>>> print(open('final-v5.txt').read())   # compact mmCIF, C-alpha atoms and all ligand atoms
# COMPACT_ATOMS: atom_id res chain seq x y z
CA MET A 1 24.36 -10.87 -26.21
CA THR A 2 22.25 -9.94 -23.19
CA GLU A 3 19.29 -7.72 -23.93
CA THR A 4 18.98 -4.51 -21.99
CA MET A 5 16.01 -2.66 -20.54
CA LYS A 6 15.27 0.73 -19.10
CA ALA A 7 14.99 0.93 -15.29
CA VAL A 8 14.98 3.35 -12.38
CA VAL A 9 18.04 2.31 -10.35
CA TYR A 10 18.79 3.44 -6.81
CA THR A 11 22.58 3.65 -7.03
CA GLY A 12 23.23 4.65 -3.43
CA LEU A 13 21.75 6.60 -0.53
CA ASP A 14 19.60 9.43 -1.93
CA THR A 15 20.90 8.91 -5.47
CA PHE A 16 19.24 7.26 -8.43
CA GLU A 17 19.32 7.25 -12.21
CA VAL A 18 17.17 6.12 -15.11
CA THR A 19 19.44 3.88 -17.14
CA GLN A 20 19.81 0.77 -19.31
CA VAL A 21 20.53 -2.43 -17.36
CA PRO A 22 20.66 -6.09 -18.41
CA GLN A 23 17.19 -7.59 -18.80
CA PRO A 24 16.76 -10.30 -16.12
CA THR A 25 16.08 -13.92 -17.09
CA PRO A 26 13.71 -16.14 -15.09
CA GLY A 27 15.41 -18.82 -12.98
CA PRO A 28 13.82 -21.98 -11.55
CA GLY A 29 10.22 -21.30 -10.50
CA GLU A 30 10.32 -17.77 -11.86
CA LEU A 31 8.43 -15.67 -14.41
CA LEU A 32 9.54 -12.70 -16.51
CA ILE A 33 6.96 -9.90 -16.31
CA ARG A 34 6.60 -7.03 -18.78
CA VAL A 35 5.69 -4.29 -16.30
CA GLU A 36 2.70 -2.20 -17.40
CA ALA A 37 1.91 -0.28 -14.20
CA ALA A 38 3.98 0.31 -11.07
CA GLY A 39 2.72 2.46 -8.20
CA LEU A 40 4.84 4.65 -5.93
CA CYS A 41 4.47 5.31 -2.22
CA HIS A 42 6.42 6.68 0.73
CA THR A 43 8.19 3.34 1.15
CA ASP A 44 10.04 4.01 -2.11
CA LEU A 45 11.40 7.23 -0.58
CA ASP A 46 12.22 5.43 2.69
CA ILE A 47 14.25 2.81 0.79
CA LEU A 48 16.15 5.57 -1.05
CA ALA A 49 16.87 7.25 2.29
CA GLY A 50 18.21 3.99 3.80
CA ARG A 51 15.34 3.37 6.23
CA TYR A 52 14.94 -0.24 4.96
CA SER A 53 17.45 -3.06 4.67
CA ALA A 54 17.80 -2.65 0.90
CA GLN A 55 21.27 -2.70 -0.59
CA PHE A 56 22.28 -0.64 -3.59
CA PRO A 57 22.20 -0.72 -6.55
CA ARG A 58 18.54 -1.68 -6.47
CA ILE A 59 15.55 -1.34 -8.81
CA PRO A 60 12.69 -0.23 -6.51
CA GLY A 61 8.94 -0.76 -7.06
CA HIS A 62 6.81 -3.13 -4.97
CA GLU A 63 3.31 -2.29 -6.32
CA PHE A 64 3.22 -3.59 -9.87
CA ALA A 65 1.27 -5.48 -12.50
CA GLY A 66 2.05 -6.69 -16.00
CA THR A 67 2.02 -9.55 -18.48
CA VAL A 68 4.05 -12.76 -18.21
CA VAL A 69 6.33 -12.88 -21.28
CA ASP A 70 8.75 -15.69 -20.36
CA ALA A 71 8.95 -18.38 -17.70
CA ASP A 72 10.89 -21.28 -16.25
CA SER A 73 10.17 -24.40 -18.36
CA ILE A 74 7.57 -25.79 -15.90
CA TYR A 75 5.58 -22.53 -16.00
CA GLN A 76 5.48 -22.00 -19.78
CA GLY A 77 1.67 -22.18 -19.49
CA CYS A 78 1.74 -18.88 -17.57
CA ILE A 79 3.03 -16.95 -20.58
CA GLY A 80 0.46 -14.37 -21.63
CA ALA A 81 -1.16 -14.21 -18.17
CA ARG A 82 -1.96 -10.73 -16.81
CA VAL A 83 -0.82 -10.61 -13.20
CA ALA A 84 -0.44 -8.48 -10.07
CA ILE A 85 2.59 -9.13 -7.88
CA ASP A 86 2.80 -9.93 -4.17
CA PRO A 87 6.21 -8.43 -3.38
CA LEU A 88 6.92 -10.45 -0.22
CA ILE A 89 9.12 -13.54 -0.12
CA ALA A 90 8.94 -15.42 3.18
CA CYS A 91 11.09 -18.34 4.41
CA HIS A 92 8.05 -20.42 5.55
CA GLN A 93 10.20 -21.80 8.39
CA CYS A 94 10.79 -19.15 11.03
CA ARG A 95 8.59 -18.69 14.08
CA ASN A 96 6.60 -15.86 12.49
CA CYS A 97 6.02 -17.74 9.23
CA THR A 98 4.85 -20.90 10.98
CA ARG A 99 2.44 -18.89 13.14
CA GLY A 100 0.70 -17.36 10.17
CA TYR A 101 2.67 -14.13 9.85
CA PRO A 102 4.83 -14.53 6.73
CA ASN A 103 4.69 -10.73 6.43
CA LEU A 104 6.78 -10.63 9.63
CA CYS A 105 9.24 -13.28 8.39
CA THR A 106 12.57 -12.77 10.14
CA ALA A 107 14.36 -13.67 6.90
CA GLY A 108 11.82 -11.98 4.63
CA GLN A 109 12.68 -10.17 1.43
CA ALA A 110 10.62 -8.05 -0.94
CA TYR A 111 10.73 -7.21 -4.62
CA GLY A 112 11.56 -3.52 -4.77
CA ALA A 113 13.58 -3.62 -1.51
CA GLU A 114 15.94 -6.57 -1.01
CA ARG A 115 15.35 -7.76 -4.60
CA ASP A 116 14.85 -5.82 -7.82
CA GLY A 117 11.29 -4.62 -8.35
CA GLY A 118 8.93 -3.08 -10.85
CA PHE A 119 10.30 0.36 -11.81
CA ALA A 120 11.66 -1.20 -15.00
CA GLU A 121 10.45 -2.47 -18.35
CA TYR A 122 10.78 -6.06 -17.08
CA ALA A 123 10.93 -7.79 -13.70
CA VAL A 124 11.53 -11.39 -12.60
CA VAL A 125 9.28 -12.77 -9.85
CA ARG A 126 8.54 -16.20 -8.43
CA GLN A 127 5.46 -17.86 -9.94
CA GLU A 128 3.76 -18.06 -6.53
CA ASN A 129 4.06 -14.27 -6.17
CA ALA A 130 2.03 -13.61 -9.36
CA HIS A 131 -1.79 -13.51 -9.25
CA ASN A 132 -4.18 -13.39 -12.21
CA ILE A 133 -6.05 -10.09 -12.37
CA GLY A 134 -9.06 -11.15 -14.45
CA GLY A 135 -10.54 -8.25 -16.37
CA LEU A 136 -8.97 -5.45 -14.28
CA SER A 137 -6.93 -2.80 -16.07
CA MET A 138 -3.20 -2.84 -15.34
CA PRO A 139 -3.25 0.51 -13.44
CA VAL A 140 -6.07 -0.72 -11.17
CA ALA A 141 -4.40 -4.14 -10.75
CA ALA A 142 -1.23 -2.38 -9.57
CA LEU A 143 -3.33 -1.06 -6.66
CA ALA A 144 -3.65 -4.64 -5.37
CA GLU A 145 -0.53 -4.37 -3.18
CA PRO A 146 -1.60 -1.27 -1.20
CA PHE A 147 -5.14 -2.71 -1.13
CA ALA A 148 -3.77 -5.93 0.36
CA CYS A 149 -2.10 -3.86 3.10
CA ALA A 150 -5.53 -2.37 3.89
CA VAL A 151 -7.06 -5.87 3.82
CA ASN A 152 -4.44 -7.09 6.32
CA ALA A 153 -5.34 -4.26 8.70
CA LEU A 154 -9.10 -4.72 8.35
CA GLU A 155 -8.94 -8.52 8.71
CA ARG A 156 -7.20 -8.01 12.04
CA ALA A 157 -9.82 -5.50 13.24
CA ARG A 158 -12.76 -7.95 13.58
CA LEU A 159 -15.22 -5.71 11.77
CA ALA A 160 -18.98 -6.15 11.71
CA PRO A 161 -21.54 -4.76 9.25
CA GLY A 162 -22.93 -1.40 10.24
CA MET A 163 -19.95 -0.26 12.26
CA LYS A 164 -19.18 3.45 12.39
CA ALA A 165 -15.69 4.23 11.13
CA ALA A 166 -13.41 7.26 10.99
CA ILE A 167 -10.35 7.61 8.77
CA ILE A 168 -7.91 10.37 9.70
CA GLY A 169 -5.97 11.48 6.62
CA ALA A 170 -7.47 11.59 3.12
CA GLY A 171 -4.36 10.62 1.17
CA PRO A 172 -4.05 7.55 -1.10
CA MET A 173 -4.15 5.01 1.75
CA GLY A 174 -7.16 6.76 3.31
CA MET A 175 -9.04 6.35 0.01
CA ILE A 176 -7.97 2.72 -0.32
CA LEU A 177 -9.00 1.92 3.27
CA SER A 178 -12.39 3.52 2.67
CA ILE A 179 -13.01 1.44 -0.47
CA ALA A 180 -11.80 -1.73 1.27
CA LEU A 181 -14.18 -1.12 4.22
CA ARG A 182 -17.07 -1.82 1.82
CA GLY A 183 -15.74 -5.40 1.67
CA TRP A 184 -16.87 -5.69 5.33
CA ASP A 185 -20.18 -3.85 4.79
CA VAL A 186 -18.94 -0.83 6.72
CA HIS A 187 -20.62 2.12 5.01
CA ASP A 188 -20.60 4.87 7.65
CA VAL A 189 -17.18 6.43 7.08
CA THR A 190 -16.12 9.83 8.41
CA PHE A 191 -12.98 11.41 6.95
CA ALA A 192 -10.88 14.11 8.59
CA ASP A 193 -8.05 16.02 6.91
CA ARG A 194 -6.51 19.48 6.88
CA ILE A 195 -7.01 19.97 3.14
CA PRO A 196 -10.58 20.63 1.92
CA GLU A 197 -9.86 19.40 -1.64
CA ARG A 198 -8.82 16.02 -0.29
CA LEU A 199 -12.10 15.75 1.60
CA ASP A 200 -14.03 16.63 -1.58
CA ARG A 201 -12.30 13.73 -3.26
CA ALA A 202 -12.95 11.40 -0.31
CA ARG A 203 -16.68 11.80 -0.98
CA SER A 204 -16.15 10.00 -4.32
CA PHE A 205 -14.55 7.10 -2.48
CA GLY A 206 -17.05 6.35 0.24
CA ALA A 207 -16.85 9.22 2.75
CA THR A 208 -20.31 9.78 4.25
CA HIS A 209 -19.14 12.62 6.54
CA THR A 210 -16.10 14.88 6.36
CA ALA A 211 -14.39 17.23 8.83
CA ILE A 212 -11.72 19.84 8.14
CA VAL A 213 -9.09 19.72 10.87
CA ASP A 214 -7.39 22.88 12.03
CA GLU A 215 -5.73 22.08 15.37
CA SER A 216 -6.88 18.70 16.70
CA ILE A 217 -9.26 16.05 15.38
CA THR A 218 -11.03 16.13 18.76
CA ASP A 219 -12.11 19.74 18.00
CA VAL A 220 -14.07 18.66 14.93
CA LEU A 221 -15.06 15.03 15.53
CA PRO A 222 -17.23 13.64 18.36
CA THR A 223 -15.35 11.77 21.08
CA ALA A 224 -16.30 8.24 22.22
CA ASP A 225 -18.34 7.78 19.03
CA PHE A 226 -16.55 5.48 16.54
CA ASP A 227 -16.31 1.68 16.52
CA LEU A 228 -13.23 1.90 14.31
CA VAL A 229 -10.70 4.70 13.94
CA ILE A 230 -7.87 4.38 11.44
CA ASP A 231 -4.98 6.82 11.48
CA ALA A 232 -3.67 7.26 7.95
CA THR A 233 -1.44 10.24 8.74
CA GLY A 234 1.48 8.59 10.55
CA ARG A 235 1.59 11.48 13.05
CA PRO A 236 1.96 10.34 16.68
CA GLU A 237 -0.04 13.28 18.07
CA VAL A 238 -2.96 12.31 15.80
CA VAL A 239 -2.79 8.68 16.97
CA GLN A 240 -2.90 9.91 20.56
CA ASP A 241 -5.98 12.06 19.92
CA ALA A 242 -7.59 9.25 17.90
CA ILE A 243 -7.96 7.11 21.04
CA ARG A 244 -10.43 9.67 22.37
CA LEU A 245 -12.67 9.20 19.32
CA LEU A 246 -13.21 5.50 20.10
CA ALA A 247 -16.59 4.36 21.39
CA ASP A 248 -16.52 1.82 24.23
CA GLY A 249 -15.20 -1.46 22.84
CA GLY A 250 -13.74 0.40 19.83
CA THR A 251 -10.67 -0.43 17.77
CA LEU A 252 -7.84 1.88 16.73
CA ILE A 253 -5.52 1.00 13.86
CA PRO A 254 -2.39 3.17 13.70
CA PHE A 255 -2.03 2.41 9.97
CA GLY A 256 0.06 5.44 8.93
CA VAL A 257 3.78 4.91 9.51
CA CYS A 258 4.86 6.97 12.54
CA PRO A 259 8.54 7.83 12.97
CA PRO A 260 10.37 4.94 14.72
CA GLY A 261 10.92 5.74 18.39
CA SER A 262 8.09 8.27 18.60
CA GLN A 263 5.99 8.15 21.79
CA ILE A 264 2.41 8.85 22.76
CA ASN A 265 0.68 9.16 26.14
CA LEU A 266 -2.11 6.74 26.83
CA ASP A 267 -4.11 5.96 29.90
CA PRO A 268 -4.06 2.17 30.53
CA PHE A 269 -7.10 2.53 32.79
CA GLU A 270 -9.07 3.87 29.84
CA ILE A 271 -7.98 0.93 27.66
CA TYR A 272 -9.14 -1.41 30.44
CA ARG A 273 -12.34 0.30 31.50
CA ARG A 274 -13.59 1.05 28.00
CA GLN A 275 -12.34 -2.25 26.56
CA LEU A 276 -10.42 -0.56 23.74
CA ARG A 277 -8.25 -2.34 21.21
CA ILE A 278 -5.17 -1.00 19.40
CA ILE A 279 -4.32 -3.19 16.41
CA GLY A 280 -0.99 -3.26 14.60
CA SER A 281 -0.75 -4.31 10.97
CA PHE A 282 2.40 -4.45 8.86
CA SER A 283 2.46 -4.68 5.09
CA LEU A 284 0.37 -7.42 3.45
CA ASN A 285 -0.21 -11.00 4.52
CA ARG A 286 -0.87 -13.02 1.33
CA GLY A 287 -3.81 -10.67 0.71
CA ILE A 288 -3.42 -10.03 -3.04
CA PRO A 289 -6.23 -12.42 -4.13
CA GLY A 290 -8.62 -10.87 -1.56
CA ALA A 291 -7.60 -7.38 -2.67
CA LEU A 292 -8.19 -8.29 -6.33
CA ARG A 293 -11.68 -9.55 -5.43
CA ILE A 294 -12.53 -6.24 -3.72
CA LEU A 295 -11.20 -4.31 -6.72
CA GLN A 296 -13.18 -6.48 -9.15
CA ARG A 297 -16.44 -5.98 -7.23
CA SER A 298 -15.99 -2.31 -6.43
CA ASP A 299 -18.30 0.21 -8.06
CA PHE A 300 -16.10 3.16 -7.05
CA PRO A 301 -14.29 5.05 -9.86
CA LEU A 302 -11.02 3.20 -9.18
CA GLN A 303 -9.29 4.62 -12.27
CA GLU A 304 -9.61 8.06 -10.66
CA LEU A 305 -7.37 6.93 -7.78
CA ILE A 306 -4.48 7.01 -10.23
CA THR A 307 -3.98 10.72 -10.82
CA THR A 308 -0.74 10.64 -12.79
CA ARG A 309 1.14 8.09 -14.89
CA PHE A 310 4.76 8.77 -15.79
CA ALA A 311 7.27 7.25 -18.19
CA LEU A 312 10.34 5.74 -16.49
CA ASP A 313 12.37 8.64 -17.93
CA ALA A 314 10.42 11.01 -15.66
CA GLY A 315 11.98 9.34 -12.59
CA ALA A 316 12.94 12.49 -10.70
CA GLU A 317 9.64 14.25 -11.36
CA THR A 318 7.76 11.10 -10.34
CA LEU A 319 9.53 10.61 -7.01
CA ALA A 320 9.00 14.31 -6.21
CA ALA A 321 5.24 13.88 -6.74
CA ILE A 322 4.85 11.29 -3.94
CA GLY A 323 2.60 12.68 -1.22
CA ARG A 324 1.74 15.90 -3.08
CA ALA A 325 -1.71 17.17 -2.04
CA ASP A 326 -2.98 17.35 -5.65
CA THR A 327 -2.27 13.67 -6.36
CA ILE A 328 -3.68 10.40 -5.08
CA LYS A 329 -1.79 7.46 -6.53
CA ILE A 330 1.02 8.04 -9.00
CA GLN A 331 2.36 5.26 -11.18
CA PHE A 332 5.06 4.52 -13.70
CA ASP A 333 3.91 3.11 -17.01
CA PRO A 334 7.13 1.57 -18.41
CA THR A 335 5.41 1.04 -21.77
CA ILE A 336 5.27 4.82 -22.35
CA THR A 337 8.18 5.96 -24.48
CA PRO A 338 9.19 9.59 -24.01
CA ALA A 339 8.32 10.42 -27.65
CA ALA A 340 4.79 9.14 -27.16
CA GLN A 341 4.17 11.13 -23.97
ZN ZN B 401 3.80 0.88 -1.23
ZN ZN B 402 10.01 -16.77 7.84
>>> encode(input="final-v5.txt", output="structure tokens")
Amino acid sequence: MTETMKAVVYTGLDTFEVTQVPQPTPGPGELLIRVEAAGLCHTDLDILAGRYSAQFPRIPGHEFAGTVVDADSIYQGCIGARVAIDPLIACHQCRNCTRGYPNLCTAGQAYGAERDGGFAEYAVVRQENAHNIGGLSMPVAALAEPFACAVNALERARLAPGMKAAIIGAGPMGMILSIALRGWDVHDVTFADRIPERLDRARSFGATHTAIVDESITDVLPTADFDLVIDATGRPEVVQDAIRLLADGGTLIPFGVCPPGSQINLDPFEIYRRQLRIIGSFSLNRGIPGALRILQRSDFPLQELITTRFALDAGAETLAAIGRADTIKIQFDPTITPAAQ
């Protein structure tokens, strides 16, 4: 008889349920993970709304960590390992893979999107997608995936120690980017946001200056002053204004996900004359080990990034909490039983 497990299942567009499903078994090269922390982000809502190529039914969850409890016969030695998961599966053969961009694989899949992910008691992943977390707690280890996305962006930005940075948007990714910047010895970090409480919190995660935005960021931040500006709002009008904050030779990373098809005005002469750079960065590029190293070395209160942990049974409440101003990172803890909550 197949064993069952509890899981959040997207059953169709904009519909999901928390239900019992068959527990997966590891195939060749695969591990069975008991999930102990699984973070949520806007991508989980985008998948539910059909903005990714996921097919339903699907168990979402691409930011997770847990313990290996079963494995393909050649990986029996992995049983008991505590691991964080790289959700991406690349083909290693297409043009993008062979040029060093497996995150842009034209045949790429991801756990939590095209394959079942971590919003469940158990998940099956390929051995090469699991990375030992050392002494990190499971909730902090489950931050490795969003951290690796920040690492991908910052690796592409050619940072140097002592640079002056601005992060627009003090949500979860803003905090994570700020912590990750310390990995490049960038310590001068200005945060801008509309919500004062978020800026208060940013000070615990590396903000050296903060600015409350009312209308435009250019009203409250100096123009032509920052070596690095990262938009973590995903609002095209903010990205457009952010260009004006760049010092000569500066770099802009439009990290927040803007609506597809949105447009901004930019002056190509200004890009040329002031030698500006606009850097794209999508998802993570094998960055989990680097992210884990930053997390292991960090002296920030990383546990405080995770504001709420929910049982799987609280699926609806949990999805509704994504992006709420009073939360940073929210996670499922599939080991919580409703009675124990
Ligand atoms: Zn995510
Ligand atoms: Zn590929």
>>> atom_distance(input="final-v5.txt", atom1="CA of Pro172 (chain A)", atom2="CA of Asp248 (chain A)")
28.8 Å
>>> closest_atom_pairs(input="final-v5.txt", of="chain A", to="ligand ZN 402 (chain B)", cutoff="10 Å", atoms="only C-alpha atoms and all ligand atoms", output="Markdown table")
| residue | atom | partner | partner_atom | distance |
| --- | --- | --- | --- | --- |
| A:Ile89 | CA | B:ZN402 | ZN | 8.6 |
| A:Ala90 | CA | B:ZN402 | ZN | 5.0 |
| A:Cys91 | CA | B:ZN402 | ZN | 3.9 |
| A:His92 | CA | B:ZN402 | ZN | 4.7 |
| A:Gln93 | CA | B:ZN402 | ZN | 5.1 |
| A:Cys94 | CA | B:ZN402 | ZN | 4.1 |
| A:Arg95 | CA | B:ZN402 | ZN | 6.7 |
| A:Asn96 | CA | B:ZN402 | ZN | 5.8 |
| A:Cys97 | CA | B:ZN402 | ZN | 4.3 |
| A:Thr98 | CA | B:ZN402 | ZN | 7.3 |
| A:Arg99 | CA | B:ZN402 | ZN | 9.5 |
| A:Gly100 | CA | B:ZN402 | ZN | 9.6 |
| A:Tyr101 | CA | B:ZN402 | ZN | 8.1 |
| A:Pro102 | CA | B:ZN402 | ZN | 5.8 |
| A:Asn103 | CA | B:ZN402 | ZN | 8.2 |
| A:Leu104 | CA | B:ZN402 | ZN | 7.2 |
| A:Cys105 | CA | B:ZN402 | ZN | 3.6 |
| A:Thr106 | CA | B:ZN402 | ZN | 5.3 |
| A:Ala107 | CA | B:ZN402 | ZN | 5.4 |
| A:Gly108 | CA | B:ZN402 | ZN | 6.0 |
| A:Gln109 | CA | B:ZN402 | ZN | 9.6 |
>>> closest_residue(input="final-v5.txt", among="A:Val18, A:Ala180, A:Ala141, A:Leu45", to="Asp299 (chain A)", atoms="all atoms listed in the file")
A:Ala180
>>> closest_residue(input="final-v5.txt", among="A:Pro28, A:Gly134, A:Pro260, A:Gly290", to="Tyr75 (chain A)", atoms="only C-alpha atoms")
A:Pro28
>>> atom_distance(input="final-v5.txt", atom1="CA of Asp188 (chain A)", atom2="CA of Ala166 (chain A)")
8.3 Å
>>> residues_near_ligand(input="final-v5.txt", ligand="ligand ZN 401 (chain B)", cutoff="7 Å", atoms="all atoms listed in the file", output="list of chain:residue names")
A:Leu40, A:Cys41, A:His42, A:Thr43, A:His62, A:Glu63, A:Pro146
>>> residues_near_point(input="final-v5.txt", point="(-1.8, 1.8, -14.2)", cutoff="12 Å", atoms="only C-alpha atoms", output="JSON, numbers by chain")
{"A": [35, 36, 37, 38, 39, 40, 63, 64, 65, 66, 84, 136, 137, 138, 139, 140, 141, 142, 143, 144, 302, 303, 304, 305, 306, 307, 308, 309, 310, 311, 329, 330, 331, 332, 333, 334, 335, 336]}
>>> atom_distance(input="final-v5.txt", atom1="CA of Glu197 (chain A)", atom2="CA of Ala170 (chain A)")
9.5 Å
>>> closest_atom_pairs(input="final-v5.txt", of="region 257-295 of chain A", to="region 217-234 of chain A", cutoff="9 Å", atoms="all atoms listed in the file", output="CSV")
residue,atom,partner,partner_atom,distance
A:Val257,CA,A:Gly234,CA,4.5
A:Cys258,CA,A:Gly234,CA,4.2
A:Pro259,CA,A:Gly234,CA,7.5
>>> write_last_selection(input="final-v5.txt", atoms="C-alpha atoms", output="PDB file, keeping the file's coordinate frame")
ATOM      1  CA  VAL A 257       3.780   4.910   9.510  1.00  0.00           C
ATOM      2  CA  CYS A 258       4.860   6.970  12.540  1.00  0.00           C
ATOM      3  CA  PRO A 259       8.540   7.830  12.970  1.00  0.00           C
TER       4      PRO A 259
END
>>> closest_residue(input="final-v5.txt", among="A:Pro254, A:Gly80, A:Gly162, A:Gly249", to="Glu237 (chain A)", atoms="all atoms listed in the file")
A:Pro254
>>> closest_residue(input="final-v5.txt", among="A:Val83, A:Ile133, A:Ala207, A:Val69", to="Phe191 (chain A)", atoms="all atoms listed in the file")
A:Ala207
>>> closest_residue(input="final-v5.txt", among="A:Ala320, A:Val239, A:Ala165, A:Leu199", to="Ser216 (chain A)", atoms="all atoms listed in the file")
A:Val239
>>> residues_around(input="final-v5.txt", residues="Gly171 (chain A)", least_positions_apart="3", cutoff="8 Å", atoms="all atoms listed in the file", output="list in words")
Gly174, Met175, Arg198, Ala232, Gly323, Ala325 and Ile328 of chain A
>>> closest_residue(input="final-v5.txt", among="A:Ile85, A:Ala123, A:Ala242, A:Leu181", to="Leu266 (chain A)", atoms="all atoms listed in the file")
A:Ala242
>>> residues_around(input="final-v5.txt", residues="Tyr52 (chain A)", least_positions_apart="3", cutoff="9 Å", atoms="all atoms listed in the file", output="PyMOL selection string")
chain A and resi 43+46-49+55+113-114
